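Text of structure.cif (mmCIF, N, CA and C atoms) as supplied:
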data_model
#
loop_
_atom_site.label_atom_id
_atom_site.label_comp_id
_atom_site.auth_asym_id
_atom_site.auth_seq_id
_atom_site.Cartn_x
_atom_site.Cartn_y
_atom_site.Cartn_z
N MET A 1 -1.62 -2.07 56.62
CA MET A 1 -3.05 -2.24 56.65
C MET A 1 -3.51 -2.18 58.10
N THR A 2 -4.59 -1.50 58.34
CA THR A 2 -5.13 -1.47 59.69
C THR A 2 -6.44 -2.23 59.70
N THR A 3 -6.63 -2.97 60.76
CA THR A 3 -7.91 -3.64 60.97
C THR A 3 -8.32 -3.37 62.40
N ALA A 4 -9.60 -3.27 62.62
CA ALA A 4 -10.07 -2.98 63.97
C ALA A 4 -11.38 -3.68 64.22
N THR A 5 -11.48 -4.24 65.39
CA THR A 5 -12.73 -4.82 65.86
C THR A 5 -13.04 -4.16 67.18
N THR A 6 -14.20 -3.59 67.32
CA THR A 6 -14.56 -2.85 68.52
C THR A 6 -15.35 -3.74 69.46
N ALA A 7 -14.97 -3.69 70.74
CA ALA A 7 -15.73 -4.44 71.75
C ALA A 7 -17.14 -3.88 71.82
N ASN A 8 -18.08 -4.72 72.14
CA ASN A 8 -19.48 -4.32 72.19
C ASN A 8 -19.83 -3.83 73.59
N GLU A 9 -19.79 -2.51 73.77
CA GLU A 9 -20.19 -1.88 75.03
C GLU A 9 -21.19 -0.80 74.68
N ASP A 10 -22.12 -0.50 75.60
CA ASP A 10 -23.13 0.52 75.33
C ASP A 10 -22.50 1.83 74.94
N SER A 11 -21.45 2.26 75.64
CA SER A 11 -20.83 3.55 75.35
C SER A 11 -20.13 3.56 74.00
N GLN A 12 -19.88 2.37 73.43
CA GLN A 12 -19.22 2.28 72.13
C GLN A 12 -20.05 2.90 71.02
N ASP A 13 -21.36 3.03 71.23
CA ASP A 13 -22.25 3.52 70.19
C ASP A 13 -22.59 5.00 70.35
N SER A 14 -22.05 5.66 71.34
CA SER A 14 -22.37 7.07 71.58
C SER A 14 -21.67 7.95 70.54
N PRO A 15 -22.18 9.16 70.32
CA PRO A 15 -21.50 10.09 69.40
C PRO A 15 -20.07 10.39 69.85
N ALA A 16 -19.83 10.50 71.15
CA ALA A 16 -18.48 10.76 71.63
C ALA A 16 -17.56 9.58 71.30
N ALA A 17 -18.07 8.36 71.48
CA ALA A 17 -17.27 7.17 71.16
C ALA A 17 -16.97 7.12 69.67
N ALA A 18 -17.93 7.49 68.85
CA ALA A 18 -17.71 7.53 67.40
C ALA A 18 -16.63 8.54 67.05
N GLY A 19 -16.63 9.68 67.75
CA GLY A 19 -15.61 10.70 67.50
C GLY A 19 -14.22 10.25 67.88
N ILE A 20 -14.09 9.59 69.03
CA ILE A 20 -12.76 9.13 69.44
C ILE A 20 -12.31 7.97 68.56
N ARG A 21 -13.24 7.12 68.16
CA ARG A 21 -12.90 6.03 67.24
C ARG A 21 -12.34 6.60 65.94
N ALA A 22 -13.00 7.64 65.41
CA ALA A 22 -12.54 8.26 64.16
C ALA A 22 -11.15 8.89 64.34
N ALA A 23 -10.93 9.56 65.48
CA ALA A 23 -9.63 10.18 65.74
C ALA A 23 -8.53 9.12 65.84
N GLU A 24 -8.80 8.05 66.56
CA GLU A 24 -7.79 6.99 66.73
C GLU A 24 -7.51 6.31 65.41
N GLU A 25 -8.53 6.03 64.61
CA GLU A 25 -8.32 5.40 63.31
C GLU A 25 -7.55 6.33 62.37
N ALA A 26 -7.81 7.64 62.46
CA ALA A 26 -7.05 8.62 61.65
C ALA A 26 -5.58 8.61 62.08
N ARG A 27 -5.34 8.49 63.37
CA ARG A 27 -3.95 8.42 63.86
C ARG A 27 -3.25 7.19 63.31
N TRP A 28 -3.92 6.04 63.38
CA TRP A 28 -3.33 4.81 62.87
C TRP A 28 -2.96 4.96 61.40
N GLN A 29 -3.89 5.50 60.61
CA GLN A 29 -3.65 5.63 59.18
C GLN A 29 -2.53 6.63 58.90
N ALA A 30 -2.49 7.73 59.64
CA ALA A 30 -1.42 8.72 59.45
C ALA A 30 -0.06 8.13 59.81
N MET A 31 0.00 7.31 60.85
CA MET A 31 1.26 6.65 61.22
C MET A 31 1.72 5.73 60.09
N LEU A 32 0.82 4.96 59.55
CA LEU A 32 1.16 4.01 58.50
C LEU A 32 1.54 4.71 57.20
N ASP A 33 0.80 5.75 56.84
CA ASP A 33 1.04 6.45 55.57
C ASP A 33 2.13 7.51 55.66
N GLY A 34 2.64 7.77 56.86
CA GLY A 34 3.66 8.80 57.01
C GLY A 34 3.12 10.21 56.79
N LYS A 35 1.83 10.41 57.07
CA LYS A 35 1.21 11.73 56.91
C LYS A 35 1.41 12.52 58.20
N LEU A 36 2.56 13.15 58.30
CA LEU A 36 2.96 13.78 59.55
C LEU A 36 2.17 15.04 59.87
N THR A 37 1.72 15.76 58.86
CA THR A 37 0.91 16.95 59.12
C THR A 37 -0.40 16.54 59.75
N MET A 38 -1.02 15.49 59.23
CA MET A 38 -2.26 14.99 59.79
C MET A 38 -2.03 14.47 61.21
N LEU A 39 -0.94 13.74 61.39
CA LEU A 39 -0.62 13.19 62.71
C LEU A 39 -0.39 14.32 63.71
N ALA A 40 0.33 15.34 63.30
CA ALA A 40 0.62 16.47 64.20
C ALA A 40 -0.66 17.14 64.67
N GLU A 41 -1.67 17.19 63.82
CA GLU A 41 -2.95 17.81 64.20
C GLU A 41 -3.65 17.02 65.31
N LEU A 42 -3.39 15.72 65.37
CA LEU A 42 -4.05 14.86 66.35
C LEU A 42 -3.31 14.80 67.69
N LEU A 43 -2.05 15.20 67.69
CA LEU A 43 -1.22 15.08 68.89
C LEU A 43 -1.26 16.35 69.72
N SER A 44 -1.38 16.19 71.02
CA SER A 44 -1.29 17.31 71.94
C SER A 44 0.13 17.85 71.95
N ASP A 45 0.27 19.14 72.17
CA ASP A 45 1.60 19.73 72.29
C ASP A 45 2.35 19.19 73.51
N THR A 46 1.62 18.60 74.46
CA THR A 46 2.23 18.05 75.67
C THR A 46 2.23 16.51 75.66
N LEU A 47 2.18 15.92 74.48
CA LEU A 47 2.15 14.46 74.34
C LEU A 47 3.29 13.79 75.10
N ALA A 48 2.98 12.68 75.78
CA ALA A 48 3.96 11.79 76.39
C ALA A 48 3.74 10.42 75.76
N TYR A 49 4.64 9.99 74.87
CA TYR A 49 4.51 8.73 74.14
C TYR A 49 5.59 7.78 74.63
N THR A 50 5.20 6.78 75.41
CA THR A 50 6.14 5.81 75.93
C THR A 50 6.08 4.55 75.07
N HIS A 51 7.19 4.28 74.40
CA HIS A 51 7.29 3.13 73.49
C HIS A 51 7.47 1.83 74.27
N SER A 52 7.35 0.71 73.56
CA SER A 52 7.52 -0.61 74.18
C SER A 52 8.94 -0.82 74.69
N THR A 53 9.88 -0.02 74.23
CA THR A 53 11.27 -0.10 74.69
C THR A 53 11.47 0.63 76.01
N GLY A 54 10.45 1.40 76.43
CA GLY A 54 10.57 2.21 77.64
C GLY A 54 11.00 3.64 77.36
N LEU A 55 11.46 3.90 76.14
CA LEU A 55 11.85 5.27 75.78
C LEU A 55 10.61 6.13 75.62
N GLN A 56 10.73 7.39 75.99
CA GLN A 56 9.59 8.29 75.90
C GLN A 56 9.88 9.42 74.91
N ASP A 57 8.86 9.76 74.14
CA ASP A 57 8.95 10.85 73.18
C ASP A 57 7.93 11.92 73.52
N SER A 58 8.29 13.15 73.19
CA SER A 58 7.36 14.27 73.17
C SER A 58 6.75 14.32 71.77
N LYS A 59 5.83 15.21 71.56
CA LYS A 59 5.27 15.40 70.22
C LYS A 59 6.39 15.71 69.23
N GLN A 60 7.25 16.64 69.59
CA GLN A 60 8.31 17.07 68.70
C GLN A 60 9.29 15.94 68.39
N SER A 61 9.72 15.21 69.41
CA SER A 61 10.71 14.16 69.17
C SER A 61 10.11 12.98 68.42
N TYR A 62 8.83 12.67 68.66
CA TYR A 62 8.16 11.59 67.94
C TYR A 62 8.03 11.95 66.45
N LEU A 63 7.56 13.15 66.18
CA LEU A 63 7.42 13.58 64.79
C LEU A 63 8.78 13.66 64.10
N HIS A 64 9.82 14.07 64.84
CA HIS A 64 11.17 14.13 64.26
C HIS A 64 11.65 12.72 63.87
N LYS A 65 11.43 11.74 64.74
CA LYS A 65 11.83 10.37 64.42
C LYS A 65 11.14 9.88 63.14
N LEU A 66 9.87 10.21 63.00
CA LEU A 66 9.13 9.80 61.82
C LEU A 66 9.60 10.55 60.58
N SER A 67 9.80 11.86 60.69
CA SER A 67 10.20 12.65 59.52
C SER A 67 11.62 12.34 59.07
N SER A 68 12.50 11.97 59.99
CA SER A 68 13.89 11.67 59.65
C SER A 68 14.07 10.24 59.14
N GLY A 69 13.05 9.42 59.31
CA GLY A 69 13.16 8.01 58.91
C GLY A 69 13.75 7.13 59.99
N ALA A 70 14.06 7.70 61.16
CA ALA A 70 14.59 6.89 62.26
C ALA A 70 13.56 5.88 62.74
N LEU A 71 12.29 6.18 62.51
CA LEU A 71 11.19 5.29 62.84
C LEU A 71 10.20 5.33 61.69
N ARG A 72 9.85 4.14 61.19
CA ARG A 72 8.87 4.06 60.10
C ARG A 72 8.02 2.81 60.30
N TYR A 73 6.71 2.99 60.18
CA TYR A 73 5.77 1.88 60.30
C TYR A 73 5.53 1.29 58.91
N GLU A 74 5.85 0.01 58.74
CA GLU A 74 5.61 -0.66 57.47
C GLU A 74 4.22 -1.30 57.44
N SER A 75 3.80 -1.82 58.58
CA SER A 75 2.46 -2.40 58.68
C SER A 75 1.96 -2.20 60.10
N LEU A 76 0.65 -2.07 60.21
CA LEU A 76 0.01 -1.89 61.51
C LEU A 76 -1.29 -2.69 61.52
N GLU A 77 -1.53 -3.36 62.62
CA GLU A 77 -2.81 -4.03 62.84
C GLU A 77 -3.20 -3.79 64.28
N PHE A 78 -4.43 -3.35 64.47
CA PHE A 78 -4.94 -3.10 65.81
C PHE A 78 -6.06 -4.10 66.07
N VAL A 79 -5.88 -4.91 67.10
CA VAL A 79 -6.79 -6.01 67.38
C VAL A 79 -7.67 -5.65 68.58
N ALA A 80 -8.96 -5.77 68.38
CA ALA A 80 -9.97 -5.60 69.42
C ALA A 80 -9.83 -4.30 70.21
N PRO A 81 -9.77 -3.14 69.54
CA PRO A 81 -9.68 -1.91 70.32
C PRO A 81 -10.95 -1.66 71.12
N VAL A 82 -10.78 -1.09 72.29
CA VAL A 82 -11.90 -0.71 73.15
C VAL A 82 -11.81 0.79 73.35
N PHE A 83 -12.93 1.48 73.13
CA PHE A 83 -13.02 2.93 73.25
C PHE A 83 -13.91 3.25 74.43
N ARG A 84 -13.35 3.95 75.44
CA ARG A 84 -14.12 4.33 76.62
C ARG A 84 -14.06 5.83 76.78
N VAL A 85 -15.22 6.47 76.75
CA VAL A 85 -15.29 7.92 76.91
C VAL A 85 -15.70 8.22 78.34
N LEU A 86 -14.89 9.04 79.01
CA LEU A 86 -15.11 9.40 80.41
C LEU A 86 -15.16 10.93 80.48
N GLY A 87 -16.28 11.48 80.06
CA GLY A 87 -16.41 12.94 80.01
C GLY A 87 -15.52 13.51 78.92
N PRO A 88 -14.63 14.46 79.26
CA PRO A 88 -13.77 15.06 78.25
C PRO A 88 -12.52 14.25 77.93
N VAL A 89 -12.41 13.06 78.55
CA VAL A 89 -11.26 12.19 78.34
C VAL A 89 -11.74 10.87 77.76
N ALA A 90 -10.91 10.28 76.90
CA ALA A 90 -11.23 8.96 76.36
C ALA A 90 -9.99 8.08 76.47
N LEU A 91 -10.25 6.81 76.75
CA LEU A 91 -9.19 5.81 76.81
C LEU A 91 -9.40 4.83 75.67
N VAL A 92 -8.32 4.51 74.99
CA VAL A 92 -8.37 3.51 73.92
C VAL A 92 -7.33 2.46 74.26
N SER A 93 -7.75 1.22 74.30
CA SER A 93 -6.81 0.12 74.54
C SER A 93 -6.97 -0.91 73.44
N ALA A 94 -5.86 -1.54 73.09
CA ALA A 94 -5.88 -2.55 72.03
C ALA A 94 -4.55 -3.30 72.05
N VAL A 95 -4.50 -4.32 71.22
CA VAL A 95 -3.24 -4.99 70.91
C VAL A 95 -2.81 -4.46 69.55
N MET A 96 -1.54 -4.05 69.46
CA MET A 96 -0.99 -3.56 68.21
C MET A 96 0.05 -4.55 67.71
N LYS A 97 -0.11 -4.94 66.46
CA LYS A 97 0.92 -5.75 65.79
C LYS A 97 1.46 -4.88 64.67
N ALA A 98 2.78 -4.80 64.59
CA ALA A 98 3.38 -3.89 63.61
C ALA A 98 4.69 -4.44 63.10
N THR A 99 5.03 -3.97 61.92
CA THR A 99 6.38 -4.13 61.39
C THR A 99 6.94 -2.72 61.31
N VAL A 100 8.06 -2.50 61.98
CA VAL A 100 8.65 -1.16 62.02
C VAL A 100 10.11 -1.21 61.58
N GLN A 101 10.54 -0.11 61.00
CA GLN A 101 11.95 0.13 60.72
C GLN A 101 12.43 1.10 61.78
N ARG A 102 13.40 0.69 62.57
CA ARG A 102 13.93 1.56 63.62
C ARG A 102 15.45 1.46 63.58
N GLY A 103 16.09 2.59 63.35
CA GLY A 103 17.55 2.60 63.33
C GLY A 103 18.14 1.68 62.30
N GLY A 104 17.48 1.54 61.15
CA GLY A 104 17.98 0.68 60.09
C GLY A 104 17.65 -0.78 60.25
N SER A 105 16.98 -1.16 61.32
CA SER A 105 16.61 -2.56 61.54
C SER A 105 15.10 -2.73 61.44
N ARG A 106 14.72 -3.81 60.82
CA ARG A 106 13.30 -4.15 60.69
C ARG A 106 12.91 -5.03 61.86
N ARG A 107 11.79 -4.67 62.54
CA ARG A 107 11.35 -5.44 63.70
C ARG A 107 9.87 -5.74 63.61
N GLU A 108 9.50 -6.92 64.08
CA GLU A 108 8.09 -7.26 64.27
C GLU A 108 7.77 -6.94 65.72
N VAL A 109 6.69 -6.21 65.93
CA VAL A 109 6.32 -5.76 67.26
C VAL A 109 4.92 -6.26 67.59
N ALA A 110 4.73 -6.75 68.79
CA ALA A 110 3.41 -7.09 69.32
C ALA A 110 3.32 -6.46 70.70
N SER A 111 2.36 -5.55 70.86
CA SER A 111 2.25 -4.80 72.10
C SER A 111 0.81 -4.60 72.48
N SER A 112 0.63 -4.36 73.75
CA SER A 112 -0.65 -3.88 74.25
C SER A 112 -0.43 -2.40 74.51
N TYR A 113 -1.45 -1.58 74.26
CA TYR A 113 -1.26 -0.16 74.50
C TYR A 113 -2.50 0.48 75.07
N LEU A 114 -2.25 1.62 75.72
CA LEU A 114 -3.32 2.47 76.24
C LEU A 114 -3.04 3.88 75.74
N ALA A 115 -4.03 4.46 75.07
CA ALA A 115 -3.93 5.83 74.59
C ALA A 115 -4.94 6.68 75.36
N VAL A 116 -4.50 7.87 75.76
CA VAL A 116 -5.34 8.80 76.50
C VAL A 116 -5.58 10.02 75.62
N TRP A 117 -6.85 10.30 75.35
CA TRP A 117 -7.25 11.42 74.50
C TRP A 117 -8.03 12.44 75.33
N GLU A 118 -7.93 13.72 74.93
CA GLU A 118 -8.70 14.78 75.57
C GLU A 118 -9.53 15.48 74.51
N ASN A 119 -10.80 15.70 74.81
CA ASN A 119 -11.68 16.42 73.89
C ASN A 119 -11.50 17.91 74.17
N THR A 120 -10.85 18.61 73.25
CA THR A 120 -10.54 20.02 73.39
C THR A 120 -11.41 20.83 72.44
N PRO A 121 -11.42 22.15 72.55
CA PRO A 121 -12.16 22.97 71.58
C PRO A 121 -11.69 22.74 70.14
N ALA A 122 -10.45 22.29 69.97
CA ALA A 122 -9.92 22.00 68.64
C ALA A 122 -10.15 20.54 68.22
N GLY A 123 -10.91 19.79 69.02
CA GLY A 123 -11.17 18.38 68.72
C GLY A 123 -10.36 17.46 69.62
N TRP A 124 -10.44 16.17 69.36
CA TRP A 124 -9.72 15.18 70.16
C TRP A 124 -8.22 15.32 69.95
N LYS A 125 -7.46 15.35 71.04
CA LYS A 125 -6.00 15.44 71.00
C LYS A 125 -5.42 14.31 71.84
N LEU A 126 -4.46 13.61 71.27
CA LEU A 126 -3.79 12.52 71.97
C LEU A 126 -2.83 13.10 73.00
N GLN A 127 -3.06 12.75 74.27
CA GLN A 127 -2.25 13.26 75.37
C GLN A 127 -1.13 12.31 75.77
N ALA A 128 -1.42 11.00 75.75
CA ALA A 128 -0.43 10.04 76.22
C ALA A 128 -0.66 8.69 75.59
N VAL A 129 0.43 7.96 75.42
CA VAL A 129 0.39 6.58 74.96
C VAL A 129 1.38 5.80 75.82
N GLN A 130 0.95 4.64 76.29
CA GLN A 130 1.81 3.73 77.04
C GLN A 130 1.75 2.39 76.35
N VAL A 131 2.88 1.90 75.88
CA VAL A 131 2.94 0.65 75.13
C VAL A 131 3.72 -0.37 75.95
N THR A 132 3.19 -1.59 76.01
CA THR A 132 3.84 -2.67 76.74
C THR A 132 4.04 -3.85 75.79
N PRO A 133 5.28 -4.34 75.66
CA PRO A 133 5.51 -5.47 74.75
C PRO A 133 4.81 -6.73 75.25
N LEU A 134 4.32 -7.50 74.31
CA LEU A 134 3.73 -8.79 74.65
C LEU A 134 4.77 -9.87 74.49
N ALA A 135 4.69 -10.89 75.31
CA ALA A 135 5.63 -12.01 75.23
C ALA A 135 5.45 -12.71 73.89
N ALA A 136 6.55 -13.14 73.33
CA ALA A 136 6.51 -13.88 72.07
C ALA A 136 5.81 -15.20 72.29
N THR A 137 5.02 -15.61 71.31
CA THR A 137 4.34 -16.89 71.39
C THR A 137 4.96 -17.86 70.40
N ALA A 138 4.97 -19.12 70.76
CA ALA A 138 5.59 -20.14 69.90
C ALA A 138 4.64 -20.56 68.81
#

Could you write out this structure as structure tokens?
Amino acid sequence: MTTATTANEDSQDSPAAAGIRAAEEARWQAMLDGKLTMLAELLSDTLAYTHSTGLQDSKQSYLHKLSSGALRYESLEFVAPVFRVLGPVALVSAVMKATVQRGGSRREVASSYLAVWENTPAGWKLQAVQVTPLAATA
């Protein structure tokens, strides 16, 4: 299940912000539902996806992990995402809480992330993601 609360900023209500919000929410849903064709459409061919483990994936290696079952999202929650449009680039930051299957092990993940999107003639494309693990809370 995905949930999202958007910070209240003037730019949050612009048509460009609405477009990036829709693209990011489509990405979240495709990740959760395993809709790899939809996800592939949203990812740049030059994607740099840095996971909370520090490992980095390209578009091809990320999609391969998902299609092979090496990585599977069981649940996703995005808390307080902020969408900032800076001309043809947009930044999305949020806290992500997830349950993932990785390498046969089930893990609970809590991370902060920054996603970088580019508005291309083909629509918004995800260029980069940087994920940072959050400290466990008692």

Exercise. Would you please work out which residue, of A:Ser68, A:Ser52, A:Gln29, A:Asn119, is nearest to Pro133 in chain A when using only N, CA and C atoms?
Key: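 For Pro133 in chain A, the nearest of the candidates is A:Ser52.
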
Quiz item: With only C-alpha atoms as the atoms that count, which of A:Arg102, A:Arg21, A:His64, A:Arg72 lies nearest to Thr37 in chain A?
Solution: A:His64

Compute the distance from (8.8, 0.0, 68.9) to each atom, counting only N, CA and C atoms, keep the residues with any atom at most 7 Å away, and return them as a tab-separated table (two decimals) with N, CA and C atoms, keeping the file's coordinate frame; use the coordinates of the file.
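Okay, this is what ended up in selection_38.tsv:
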chain	number	residue	atom	x	y	z
A	51	HIS	N	7.19	4.28	74.40
A	51	HIS	CA	7.29	3.13	73.49
A	51	HIS	C	7.47	1.83	74.27
A	52	SER	N	7.35	0.71	73.56
A	52	SER	CA	7.52	-0.61	74.18
A	52	SER	C	8.94	-0.82	74.69
A	53	THR	N	9.88	-0.02	74.23
A	53	THR	CA	11.27	-0.10	74.69
A	53	THR	C	11.47	0.63	76.01
A	100	VAL	N	8.06	-2.50	61.98
A	100	VAL	CA	8.65	-1.16	62.02
A	100	VAL	C	10.11	-1.21	61.58
A	109	VAL	N	6.69	-6.21	65.93
A	109	VAL	CA	6.32	-5.76	67.26
A	109	VAL	C	4.92	-6.26	67.59

Exercise. Can you give me, as a list in words, the residues this file yields under the PyMOL selection byres ((chain A and resi 73) around 6.5)?
Key: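 Output from the PyMOL selection byres ((chain A and resi 73) around 6.5), applied to this file: Met31, Leu32, Leu71, Arg72, Glu74, Ser75, Leu76, Thr99, Val100 and Gln101 of chain A.
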
Self-check item: Answer key for the PyMOL selection byres ((chain A and resi 39) around 8), residues as an MDAnalysis selection string
Solution: chainID A and resid 26:31 34:38 40:44 63

Got a sec to resolve the PyMOL selection byres ((chain A and resi 126) around 6.5) on this structure and send the residues as a compact mmCIF listing (two decimals) with N, CA and C atoms, keeping the file's coordinate frame?
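Here's the written file selection38.txt:
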# COMPACT_ATOMS: atom_id res chain seq x y z
N LEU A 42 -3.39 15.72 65.37
CA LEU A 42 -4.05 14.86 66.35
C LEU A 42 -3.31 14.80 67.69
N LEU A 43 -2.05 15.20 67.69
CA LEU A 43 -1.22 15.08 68.89
C LEU A 43 -1.26 16.35 69.72
N SER A 44 -1.38 16.19 71.02
CA SER A 44 -1.29 17.31 71.94
C SER A 44 0.13 17.85 71.95
N LEU A 47 2.18 15.92 74.48
CA LEU A 47 2.15 14.46 74.34
C LEU A 47 3.29 13.79 75.10
N ALA A 48 2.98 12.68 75.78
CA ALA A 48 3.96 11.79 76.39
C ALA A 48 3.74 10.42 75.76
N VAL A 116 -4.50 7.87 75.76
CA VAL A 116 -5.34 8.80 76.50
C VAL A 116 -5.58 10.02 75.62
N TRP A 117 -6.85 10.30 75.35
CA TRP A 117 -7.25 11.42 74.50
C TRP A 117 -8.03 12.44 75.33
N GLU A 118 -7.93 13.72 74.93
CA GLU A 118 -8.70 14.78 75.57
C GLU A 118 -9.53 15.48 74.51
N TRP A 124 -10.44 16.17 69.36
CA TRP A 124 -9.72 15.18 70.16
C TRP A 124 -8.22 15.32 69.95
N LYS A 125 -7.46 15.35 71.04
CA LYS A 125 -6.00 15.44 71.00
C LYS A 125 -5.42 14.31 71.84
N GLN A 127 -3.06 12.75 74.27
CA GLN A 127 -2.25 13.26 75.37
C GLN A 127 -1.13 12.31 75.77
N ALA A 128 -1.42 11.00 75.75
CA ALA A 128 -0.43 10.04 76.22
C ALA A 128 -0.66 8.69 75.59
